[in-house]
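*Asks:* File name my_file.csv; file contents CSV, C-alpha atoms and all ligand atoms; full text below.
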chain,number,residue,atom,x,y,z
A,1,MET,CA,99.8,69.4,118.2
A,2,THR,CA,100.4,66.7,115.6
A,3,ARG,CA,101.4,67.7,112.1
A,4,ALA,CA,101.5,64.6,109.8
A,5,GLY,CA,104.8,64.5,107.9
A,6,GLU,CA,106.7,67.1,109.9
A,7,VAL,CA,110.3,66.0,110.8
A,8,ALA,CA,112.4,67.9,113.2
A,9,VAL,CA,115.5,67.8,115.3
A,10,GLU,CA,116.1,70.2,118.1
A,11,ALA,CA,119.5,71.0,119.5
A,12,LEU,CA,120.6,67.5,118.3
A,13,ARG,CA,124.0,66.4,119.5
A,14,LYS,CA,125.5,63.0,118.9
A,15,THR,CA,129.0,61.9,120.0
A,16,PHE,CA,130.8,58.7,119.4
A,17,GLY,CA,133.5,58.6,122.1
A,18,ARG,CA,135.4,61.8,121.5
A,19,VAL,CA,134.0,62.3,117.9
A,20,VAL,CA,131.3,64.9,117.7
A,21,ALA,CA,129.3,63.6,114.8
A,22,VAL,CA,126.4,66.1,115.1
A,23,ASP,CA,126.9,69.4,117.0
A,24,ASP,CA,123.8,71.2,118.1
A,25,VAL,CA,121.7,71.0,115.0
A,26,SER,CA,118.1,72.3,114.9
A,27,LEU,CA,116.2,71.7,111.7
A,28,THR,CA,112.7,71.1,110.5
A,29,ALA,CA,111.3,69.6,107.3
A,30,GLU,CA,107.8,70.8,106.7
A,31,PRO,CA,105.0,68.3,105.7
A,32,ALA,CA,105.5,67.3,102.0
A,33,GLU,CA,108.8,69.1,101.8
A,34,PHE,CA,111.9,67.7,100.1
A,35,LEU,CA,114.8,68.6,102.4
A,36,ALA,CA,118.3,67.7,101.3
A,37,LEU,CA,121.1,67.2,103.9
A,38,LEU,CA,124.3,68.2,102.0
A,39,GLY,CA,127.9,68.1,103.2
A,40,PRO,CA,131.2,66.5,102.7
A,41,SER,CA,132.0,63.0,103.9
A,42,GLY,CA,132.0,62.8,107.7
A,43,SER,CA,129.8,65.9,108.2
A,44,GLY,CA,127.2,64.1,110.1
A,45,LYS,CA,124.5,63.5,107.5
A,46,THR,CA,124.0,59.8,108.0
A,47,THR,CA,124.1,60.2,111.8
A,48,ILE,CA,121.2,62.7,111.6
A,49,LEU,CA,119.2,60.3,109.4
A,50,MET,CA,119.9,57.3,111.7
A,51,THR,CA,118.7,59.4,114.6
A,52,LEU,CA,115.5,60.3,112.8
A,53,ALA,CA,115.0,56.6,111.9
A,54,GLY,CA,115.6,55.5,115.5
A,55,PHE,CA,118.7,53.4,114.8
A,56,GLU,CA,120.8,55.9,116.8
A,57,HIS,CA,119.8,57.8,119.9
A,58,PRO,CA,120.8,61.4,120.6
A,59,THR,CA,123.5,62.2,123.1
A,60,SER,CA,121.3,65.2,123.8
A,61,GLY,CA,118.5,67.1,122.0
A,62,ARG,CA,115.2,65.8,120.6
A,63,VAL,CA,113.7,64.2,117.6
A,64,LYS,CA,110.2,65.2,116.6
A,65,LEU,CA,108.0,63.3,114.1
A,66,ASN,CA,104.6,64.5,113.0
A,67,GLY,CA,104.8,67.1,115.8
A,68,GLU,CA,105.4,64.5,118.6
A,69,ASP,CA,108.5,64.0,120.7
A,70,ALA,CA,109.8,60.7,119.2
A,71,THR,CA,113.3,60.9,120.7
A,72,TRP,CA,113.0,57.5,122.5
A,73,TRP,CA,110.5,55.8,120.2
A,74,PRO,CA,111.8,52.5,118.9
A,75,ALA,CA,112.5,52.4,115.1
A,76,HIS,CA,109.6,50.2,114.3
A,77,ARG,CA,107.1,52.6,115.8
A,78,ARG,CA,108.2,55.5,113.7
A,79,ASN,CA,106.3,54.6,110.5
A,80,ILE,CA,109.1,56.0,108.3
A,81,GLY,CA,110.3,54.7,104.9
A,82,MET,CA,114.0,54.3,104.3
A,83,VAL,CA,116.2,53.8,101.3
A,84,PHE,CA,120.0,53.4,101.5
A,85,GLN,CA,122.9,53.6,99.1
A,86,ARG,CA,123.2,49.9,98.7
A,87,THR,CA,119.9,48.1,98.1
A,88,THR,CA,119.3,45.2,100.5
A,89,LEU,CA,116.7,43.2,98.7
A,90,PHE,CA,116.2,39.6,99.8
A,91,PRO,CA,117.8,37.7,96.9
A,92,HIS,CA,115.6,34.6,97.0
A,93,MET,CA,112.3,36.4,97.2
A,94,SER,CA,110.5,37.7,94.2
A,95,VAL,CA,110.3,41.4,93.6
A,96,ARG,CA,106.7,41.4,94.6
A,97,ASP,CA,107.4,39.6,97.9
A,98,ASN,CA,110.3,41.9,98.6
A,99,VAL,CA,108.0,44.9,98.2
A,100,ALA,CA,105.3,43.2,100.2
A,101,PHE,CA,107.6,42.4,103.1
A,102,PRO,CA,106.9,45.5,105.2
A,103,LEU,CA,103.2,44.8,104.9
A,104,LYS,CA,103.7,41.3,106.2
A,105,MET,CA,105.6,42.7,109.2
A,106,ARG,CA,102.6,45.0,109.8
A,107,GLY,CA,100.2,42.1,109.7
A,108,VAL,CA,98.4,43.0,106.4
A,109,PRO,CA,96.5,39.9,105.2
A,110,ALA,CA,98.2,38.0,102.3
A,111,ARG,CA,95.4,38.8,99.9
A,112,GLU,CA,95.9,42.5,100.1
A,113,ARG,CA,99.7,42.4,100.2
A,114,GLY,CA,100.2,41.3,96.6
A,115,ALA,CA,97.8,44.0,95.3
A,116,GLN,CA,99.4,46.8,97.3
A,117,ALA,CA,102.9,45.6,96.3
A,118,ASP,CA,101.9,45.7,92.6
A,119,GLU,CA,100.5,49.2,93.1
A,120,ALA,CA,103.8,50.4,94.6
A,121,LEU,CA,105.7,48.7,91.8
A,122,ALA,CA,103.5,50.6,89.3
A,123,THR,CA,104.3,53.9,91.1
A,124,VAL,CA,108.0,53.4,90.5
A,125,ARG,CA,107.3,52.3,86.9
A,126,LEU,CA,108.0,48.6,87.4
A,127,ALA,CA,104.6,47.2,86.8
A,128,GLY,CA,104.9,43.6,85.5
A,129,TYR,CA,108.3,43.0,87.2
A,130,GLY,CA,106.8,41.4,90.3
A,131,ASP,CA,107.6,37.8,89.5
A,132,ARG,CA,111.3,38.4,88.8
A,133,LEU,CA,114.1,37.9,91.2
A,134,PRO,CA,116.2,40.9,92.2
A,135,ASN,CA,119.3,39.7,90.3
A,136,GLN,CA,117.2,39.7,87.1
A,137,LEU,CA,117.0,43.5,87.4
A,138,SER,CA,119.5,46.2,86.6
A,139,GLY,CA,121.0,48.3,89.4
A,140,GLY,CA,118.6,51.2,88.8
A,141,GLN,CA,115.6,48.9,88.8
A,142,GLN,CA,116.7,47.3,92.0
A,143,GLN,CA,117.0,50.7,93.6
A,144,ARG,CA,113.4,51.4,92.4
A,145,VAL,CA,112.2,48.2,94.0
A,146,ALA,CA,113.8,49.4,97.3
A,147,LEU,CA,111.9,52.6,96.8
A,148,ALA,CA,108.7,50.7,96.2
A,149,ARG,CA,109.3,48.7,99.4
A,150,ALA,CA,109.9,51.9,101.3
A,151,ILE,CA,106.6,53.5,100.2
A,152,VAL,CA,104.3,50.5,100.1
A,153,TYR,CA,102.9,51.1,103.5
A,154,ARG,CA,102.3,54.8,102.7
A,155,PRO,CA,104.6,56.3,105.3
A,156,PRO,CA,104.2,60.1,105.6
A,157,ILE,CA,108.0,60.4,105.8
A,158,LEU,CA,110.8,59.0,103.6
A,159,LEU,CA,114.5,59.1,104.5
A,160,MET,CA,117.0,58.5,101.8
A,161,ASP,CA,120.8,58.1,102.4
A,162,GLU,CA,122.7,58.7,99.1
A,163,PRO,CA,120.4,56.3,97.3
A,164,LEU,CA,121.7,57.1,93.9
A,165,SER,CA,125.5,57.3,94.4
A,166,ALA,CA,126.1,53.8,93.2
A,167,LEU,CA,124.4,54.5,89.8
A,168,ASP,CA,126.0,55.9,86.7
A,169,LYS,CA,125.5,59.5,85.7
A,170,ALA,CA,122.7,59.1,83.2
A,171,LEU,CA,120.7,56.7,85.4
A,172,ARG,CA,121.3,58.9,88.4
A,173,GLU,CA,119.9,62.0,86.7
A,174,GLU,CA,116.8,60.0,85.5
A,175,MET,CA,116.2,58.7,89.0
A,176,GLN,CA,116.6,62.2,90.5
A,177,LEU,CA,113.6,63.3,88.4
A,178,GLU,CA,111.7,60.1,89.2
A,179,ILE,CA,112.1,60.4,92.9
A,180,LYS,CA,111.1,64.1,92.8
A,181,ARG,CA,108.0,63.2,90.7
A,182,LEU,CA,107.1,60.5,93.2
A,183,GLN,CA,107.6,62.7,96.2
A,184,ARG,CA,105.2,65.3,94.7
A,185,ALA,CA,102.6,62.7,93.6
A,186,LEU,CA,102.5,61.1,97.0
A,187,GLY,CA,102.8,64.3,99.0
A,188,ILE,CA,105.4,62.8,101.4
A,189,THR,CA,108.1,64.5,103.3
A,190,VAL,CA,111.6,63.4,102.1
A,191,VAL,CA,114.9,63.9,103.9
A,192,PHE,CA,117.5,63.1,101.4
A,193,VAL,CA,121.2,62.8,102.2
A,194,THR,CA,123.8,63.6,99.5
A,195,HIS,CA,127.3,64.9,99.2
A,196,ASP,CA,126.6,66.0,95.6
A,197,GLN,CA,125.6,69.7,95.4
A,198,THR,CA,124.1,69.4,91.9
A,199,GLU,CA,121.8,66.6,93.1
A,200,ALA,CA,120.7,68.7,96.1
A,201,LEU,CA,120.2,71.8,93.9
A,202,THR,CA,118.2,69.7,91.4
A,203,MET,CA,115.9,67.9,93.8
A,204,ALA,CA,115.4,69.8,97.0
A,205,ASP,CA,112.9,72.4,98.1
A,206,ARG,CA,115.4,73.4,100.8
A,207,ILE,CA,119.0,72.3,101.5
A,208,ALA,CA,120.6,72.0,104.9
A,209,VAL,CA,124.4,72.4,104.5
A,210,LEU,CA,126.5,70.6,107.1
A,211,ASP,CA,130.2,70.7,107.9
A,212,HIS,CA,131.9,68.9,110.8
A,213,GLY,CA,128.5,68.1,112.4
A,214,ARG,CA,127.4,71.7,112.3
A,215,LEU,CA,124.5,73.2,110.4
A,216,MET,CA,126.1,75.9,108.2
A,217,GLN,CA,123.0,77.2,106.5
A,218,VAL,CA,119.5,76.1,105.5
A,219,GLY,CA,117.6,77.6,102.7
A,220,THR,CA,116.2,77.2,99.2
A,221,PRO,CA,118.7,76.3,96.4
A,222,GLN,CA,118.5,79.8,95.2
A,223,ALA,CA,119.0,81.4,98.6
A,224,LEU,CA,122.1,79.2,99.2
A,225,TYR,CA,123.5,79.9,95.8
A,226,GLU,CA,122.8,83.7,95.7
A,227,SER,CA,123.2,84.5,99.4
A,228,PRO,CA,125.6,82.2,101.2
A,229,GLU,CA,126.0,83.3,104.8
A,230,ASN,CA,129.5,82.0,105.3
A,231,PRO,CA,132.6,81.1,103.2
A,232,PHE,CA,132.0,77.4,103.6
A,233,VAL,CA,128.6,77.5,101.9
A,234,ALA,CA,129.9,80.0,99.3
A,235,GLY,CA,132.7,77.6,98.5
A,236,PHE,CA,130.8,74.3,98.7
A,237,ILE,CA,127.8,75.2,96.5
A,238,GLY,CA,128.7,76.3,93.0
A,239,GLU,CA,132.0,77.9,92.0
A,240,THR,CA,133.3,80.9,93.9
A,241,ALA,CA,136.4,83.0,93.8
A,242,PHE,CA,137.7,84.3,97.2
A,243,LEU,CA,139.6,87.6,97.2
A,244,ASP,CA,141.3,88.6,100.5
A,245,GLY,CA,141.7,92.1,101.8
A,246,VAL,CA,141.0,94.4,104.8
A,247,ALA,CA,138.0,96.6,105.3
A,248,GLU,CA,138.5,100.2,104.4
A,249,ARG,CA,135.8,101.4,106.7
A,250,SER,CA,133.2,99.9,109.0
A,251,ALA,CA,130.1,98.5,107.3
A,252,ASP,CA,126.7,97.3,108.4
A,253,PRO,CA,125.3,93.9,107.6
A,254,GLY,CA,123.8,94.1,104.1
A,255,GLY,CA,125.5,97.4,103.4
A,256,PRO,CA,128.1,98.4,100.9
A,257,ALA,CA,131.7,97.6,101.8
A,258,THR,CA,135.2,98.0,100.3
A,259,LEU,CA,138.2,95.9,100.9
A,260,ARG,CA,141.8,96.9,100.1
A,261,ALA,CA,143.8,93.9,98.7
A,262,ALA,CA,147.5,93.4,99.4
A,263,ASP,CA,148.5,95.4,96.4
A,264,GLY,CA,146.2,98.3,97.2
A,265,SER,CA,143.4,97.3,94.7
A,266,LYS,CA,139.9,98.1,95.9
A,267,LEU,CA,137.3,95.3,96.0
A,268,HIS,CA,133.7,96.5,96.2
A,269,GLY,CA,131.0,94.3,97.6
A,270,THR,CA,128.3,93.8,100.2
A,271,ALA,CA,129.0,93.1,103.9
A,272,VAL,CA,127.3,89.9,105.0
A,273,ALA,CA,128.1,90.7,108.7
A,274,ALA,CA,129.2,93.9,110.3
A,275,LEU,CA,132.8,95.0,109.6
A,276,ALA,CA,135.1,97.4,111.5
A,277,THR,CA,137.8,99.3,109.8
A,278,GLY,CA,140.9,97.2,109.3
A,279,ASP,CA,139.1,93.8,109.7
A,280,THR,CA,140.5,91.0,107.7
A,281,ALA,CA,137.9,89.9,105.2
A,282,GLN,CA,137.3,88.0,102.0
A,283,LEU,CA,135.0,88.8,99.1
A,284,ALA,CA,133.3,85.9,97.3
A,285,VAL,CA,132.1,86.2,93.8
A,286,ARG,CA,130.7,83.7,91.2
A,287,PRO,CA,132.3,83.3,87.8
A,288,GLU,CA,129.0,84.3,86.0
A,289,ARG,CA,129.0,87.6,87.8
A,290,ILE,CA,132.4,88.7,86.5
A,291,ARG,CA,132.5,90.8,83.4
A,292,ARG,CA,135.1,92.8,81.6
A,293,ALA,CA,135.2,96.5,82.6
A,294,GLU,CA,137.7,99.2,81.6
A,295,ASP,CA,138.0,100.6,85.1
A,296,GLY,CA,138.0,97.2,86.8
A,297,LEU,CA,140.5,95.0,88.6
A,298,ALA,CA,143.6,94.0,86.5
A,299,ALA,CA,144.1,90.3,86.1
A,300,GLU,CA,146.3,88.1,84.0
A,301,VAL,CA,144.8,85.4,81.8
A,302,ILE,CA,146.3,82.1,82.9
A,303,GLU,CA,144.3,79.7,80.8
A,304,THR,CA,141.2,79.5,78.7
A,305,PHE,CA,139.0,76.4,78.4
A,306,TYR,CA,136.5,76.0,75.6
A,307,VAL,CA,133.4,74.2,77.0
A,308,GLY,CA,131.0,74.4,74.1
A,309,ALA,CA,128.3,77.0,75.2
A,310,GLU,CA,131.0,79.2,76.6
A,311,THR,CA,134.7,79.6,77.3
A,312,ALA,CA,135.9,79.5,80.9
A,313,CYS,CA,138.8,81.9,81.5
A,314,LEU,CA,141.1,81.4,84.5
A,315,LEU,CA,142.5,84.7,85.8
A,316,ARG,CA,145.1,85.7,88.4
A,317,THR,CA,145.2,89.1,90.0
A,318,ALA,CA,148.4,91.0,90.9
A,319,PHE,CA,147.8,90.1,94.6
A,320,GLY,CA,147.6,86.4,93.8
A,321,ALA,CA,143.9,85.6,93.8
A,322,GLN,CA,142.6,83.2,91.2
A,323,LEU,CA,139.2,83.7,89.6
A,324,ARG,CA,137.2,82.3,86.7
A,325,MET,CA,135.2,84.3,84.3
A,326,ARG,CA,132.8,83.0,81.7
A,327,ILE,CA,132.8,84.2,78.2
A,328,ALA,CA,129.7,83.6,76.1
A,329,ALA,CA,130.1,81.8,72.7
A,330,GLY,CA,130.9,84.4,70.0
A,331,ALA,CA,132.5,87.0,72.3
A,332,ASP,CA,136.2,87.8,72.2
A,333,VAL,CA,138.4,85.3,74.1
A,334,PRO,CA,141.6,86.9,75.5
A,335,ALA,CA,144.9,84.9,75.1
A,336,PRO,CA,146.9,83.5,78.0
A,337,GLY,CA,149.4,86.1,79.2
A,338,GLU,CA,147.1,89.0,78.3
A,339,THR,CA,146.0,91.4,81.1
A,340,VAL,CA,142.3,92.0,81.2
A,341,ARG,CA,140.2,94.3,83.5
A,342,VAL,CA,137.2,92.8,85.3
A,343,ALA,CA,134.5,93.9,87.6
A,344,TRP,CA,131.2,92.7,89.2
A,345,ASP,CA,128.1,94.4,90.6
A,346,PRO,CA,128.9,95.0,94.3
A,347,ALA,CA,125.6,93.4,95.1
A,348,HIS,CA,127.1,90.1,94.0
A,349,GLY,CA,130.4,90.4,95.8
A,350,ARG,CA,129.7,89.0,99.3
A,351,ILE,CA,132.1,90.1,101.9
A,352,PHE,CA,132.8,87.8,104.9
A,353,ARG,CA,134.8,88.7,107.9
A,354,GLY,CA,137.9,86.6,108.5
A,355,GLY,CA,139.9,84.6,106.0
A,356,ALA,CA,143.5,84.4,105.2
A,401,LIG,N1,129.1,54.3,114.9
A,401,LIG,C1,130.1,55.2,114.9
A,401,LIG,N2,131.2,55.1,115.7
A,401,LIG,C2,132.1,56.0,115.7
A,401,LIG,N3,132.2,57.1,114.9
A,401,LIG,C3,131.1,57.3,114.1
A,401,LIG,C4,130.0,56.3,114.0
A,401,LIG,N4,129.2,56.8,113.0
A,401,LIG,C5,129.7,57.9,112.6
A,401,LIG,N5,130.8,58.2,113.2
A,401,LIG,C6,131.7,59.4,112.9
A,401,LIG,O1,130.8,60.6,113.0
A,401,LIG,C7,131.2,61.5,112.0
A,401,LIG,C8,130.0,61.7,111.1
A,401,LIG,O2,129.7,60.5,110.4
A,401,LIG,P1,128.5,60.4,109.4
A,401,LIG,O3,127.2,60.8,110.0
A,401,LIG,O4,128.5,59.0,108.8
A,401,LIG,O5,128.9,61.4,108.2
A,401,LIG,P2,128.4,61.5,106.7
A,401,LIG,O6,127.2,60.7,106.5
A,401,LIG,O7,128.1,63.0,106.5
A,401,LIG,O8,129.5,61.1,105.9
A,401,LIG,C9,132.4,60.9,111.3
A,401,LIG,O9,133.5,61.5,111.9
A,401,LIG,C10,132.3,59.5,111.6
A,401,LIG,O10,133.5,58.9,111.5
A,402,MG,MG,126.9,59.1,105.1
Hey, can you dump this file as structure tokens for me?
Ligand SMILES: Nc1ncnc2c1ncn2[C@@H]1O[C@H](COP(=O)(O)OP(=O)(O)O)[C@@H](O)[C@H]1O
Ligand SMILES: [Mg+2]
*Replies:*
Amino acid sequence: MTRAGEVAVEALRKTFGRVVAVDDVSLTAEPAEFLALLGPSGSGKTTILMTLAGFEHPTSGRVKLNGEDATWWPAHRRNIGMVFQRTTLFPHMSVRDNVAFPLKMRGVPARERGAQADEALATVRLAGYGDRLPNQLSGGQQQRVALARAIVYRPPILLMDEPLSALDKALREEMQLEIKRLQRALGITVVFVTHDQTEALTMADRIAVLDHGRLMQVGTPQALYESPENPFVAGFIGETAFLDGVAERSADPGGPATLRAADGSKLHGTAVAALATGDTAQLAVRPERIRRAEDGLAAEVIETFYVGAETACLLRTAFGAQLRMRIAAGADVPAPGETVRVAWDPAHGRIFRGGA
């Protein structure tokens, strides 16, 4: 069955010599979904994108486009738009001719090409720039021309590989909203590669987190942030403190669990996977979940940082774990060297098996 705009890889594996770039990844972007591939450098993001585009072929596994097995389709048959980190516009061609180029390759008559290119330029808010040369535009404008060129033939699927990482922060944030707006307006499926978690959280409907070629978790920004399934995702997205201990009792997945830290302190949380008594484990908790509590865990204030809307407070427990707490503007800020007591709702302390 065909499903326009669906993008999928099934059990995808890609090796380069002895390097395993992509390790058994199965993943689907639904039609009109904005899916981000997020991971550190070398985690396999670009390789997955190149495999979807047809510039690399899988060592094993399959690529499906629009519901059809496209594993061995040549790149030019895939009808996919692509934008890369560095724009590769033809320097001696006008902006309009650059944007119209894919139409020319597809045999669209010259009369129609100019009009369609101008329409695509208007979509990226560059109406009136068609007669310029690429070097007469700013970096951000050039990237928007690349975007216009990628969508001019109305592909149902757009692949983007760190398209904003060469831009400065203000422009990058503006372009994030722009691309999101465009994706919604056109109703196209976007697979967007980034190593920037904030960018992924801002733009994506769902995020696939990769590490060493493996898919660590896929879910909505909120699901990944609130319910990371492993320490890698907990640590990679947002800020997290990890507190080591051993399980006091066995616990069921999703059930309450208590760890005993090296100094005997008890750490209450929720077991992500089943725990047996004595298992080594770690509890992950976000700074905004940590509050002062008289009967809580003792921790020494190491440093405080005023950051405008709040004060960040770096703490160290007697058993050597570091954690941050946020103190709202106006509330009492403890001094470095002071001992405070802190706690969190056990629902927000996620306990993973393993760790130090
Ligand atoms: N053409 C290639 N030849 C050899 N190794 C490669 C090639 N392309 C990628 N790799 C390796 O595969 C791994 C994943 O690379 P890549 O997909 O570019 O990661 P990312 O885009 O997440 O930074 C890395 O270890 C990289 O060095
Ligand atoms: Mg890359």
*Asks:* Could you pull out the residues sitting within 8 Å of ligand LIG 401 (chain A), using only C-alpha atoms and all ligand atoms, and write them as a ChimeraX atom specification?
*Replies:* /A:15-17,19-22,38-48,193,195,210,212-213
*Asks:* Identify which of the residues A:Glu288, A:Glu68, A:Glu119, A:Asp196 lies closest to A:Thr240, counting only C-alpha atoms when measuring atom-to-atom distances.
*Replies:*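 Of A:Glu288, A:Glu68, A:Glu119, A:Asp196, the one nearest A:Thr240 is A:Glu288, counting only C-alpha atoms.
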*Asks:* Given the point (133.3, 77.8, 77.1) in the file's coordinates, find the residues that have an atom at most 12 Å from it, counting only C-alpha atoms, and give them as a list in words.
*Replies:* Glu288, Glu303, Thr304, Phe305, Tyr306, Val307, Gly308, Ala309, Glu310, Thr311, Ala312, Cys313, Leu314, Arg324, Met325, Arg326, Ile327, Ala328, Ala329, Gly330, Ala331, Asp332 and Val333 of chain A
*Asks:* Just to confirm, what's the straight-line distance from atom CA of A:Lys180 to atom CA of A:Met203 in Å (one decimal)?
*Replies:*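 Between atom CA of A:Lys180 and atom CA of A:Met203 the gap works out to 6.2 Å.
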*Asks:* If we count all atoms listed in the file and set the cut-off at 8 Å, which residues sit around stretch 169-176 of chain A, ignoring sequence neighbours fewer than 2 positions away in its own chain? Please answer as a ChimeraX atom specification.
*Replies:* /A:140,164-165,167,178-180,199,202-203
*Asks:* What does the structure give for the distance between atom CA of A:Ile151 and atom CA of A:Val9, in Å to one decimal?
*Replies:*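 Answer for the atom CA of A:Ile151 to atom CA of A:Val9 separation: 22.6 Å.
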*Asks:* Of the candidates A:Met160, A:Ala120, A:Met93, A:Ile237, which shows the shortest atom-to-atom distance to ligand MG 402 (chain A), using all atoms listed in the file?
*Replies:*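 Nearest candidate to ligand MG 402 (chain A) out of A:Met160, A:Ala120, A:Met93, A:Ile237: A:Met160.
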*Asks:* My list of candidates is A:Arg181, A:Pro109, A:Lys266, A:Asp97. Which is closest to A:Val124 when distances are computed with all atoms listed in the file?
*Replies:* A:Arg181
*Asks:* Tell me, in Å to one decimal, how far atom CA of A:Leu65 is from atom CA of A:Ile80.
*Replies:* 9.4 Å
*Asks:* Here is a test: counting all atoms listed in the file, which residue of A:Glu162, A:Glu300, A:Asp168, A:Glu112 is nearest to A:Gly139?
*Replies:*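 Smallest separation from A:Gly139 among the options: A:Asp168.
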*Asks:* Considering all atoms listed in the file, can you say which of A:Val209, A:Leu201, A:Leu147, A:Gln116 comes closest to A:Pro221?
*Replies:* A:Leu201
*Asks:* Given the choices A:Phe319, A:Gln197, A:Arg260, A:Glu6, which gets closest to A:Thr277 if the distance is worked out from all atoms listed in the file?
*Replies:*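 Checking each of A:Phe319, A:Gln197, A:Arg260, A:Glu6 against A:Thr277, counting all atoms listed in the file, the winner is A:Arg260.
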*Asks:* Give me, as a compact mmCIF listing (two decimals) with C-alpha atoms, in the frame of the given file, all polymer residues having an atom no more than 9 Å from A:Met216, counting only C-alpha atoms and skipping those fewer than 2 positions away in the same chain.
*Replies:*
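Listing of out.txt after writing:
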# COMPACT_ATOMS: atom_id res chain seq x y z
CA ALA A 208 120.60 72.00 104.90
CA VAL A 209 124.40 72.40 104.50
CA LEU A 210 126.50 70.60 107.10
CA ASP A 211 130.20 70.70 107.90
CA ARG A 214 127.40 71.70 112.30
CA VAL A 218 119.50 76.10 105.50
CA GLU A 229 126.00 83.30 104.80
CA ASN A 230 129.50 82.00 105.30
CA PHE A 232 132.00 77.40 103.60
CA VAL A 233 128.60 77.50 101.90
*Asks:* Write out as an NGL selection string the residues lying within 6 Å of A:Leu259, counting only C-alpha atoms and excluding same-chain residues fewer than 5 positions away.
*Replies:* :A and (245-248 or 266-267)
*Asks:* Tell me, as number ranges by chain, which residues lie within 9 Å of A:Gly354, counting only C-alpha atoms; anything in the same chain fewer than 5 positions away does not count.
*Replies:* A: 244, 279-282
*Asks:* Compile the contact shell of A:Arg249 as number ranges by chain: residues with an atom at most 8 Å away, counting all atoms listed in the file, same-chain residues fewer than 4 positions apart removed.
*Replies:* A: 257-258, 275-278
*Asks:* Please, which residues are within 9 Å of (105.5, 48.3, 110.5) by the file's coordinates, counting all atoms listed in the file, and could they come as a PyMOL selection string?
*Replies:* chain A and resi 76-80+102-107+153
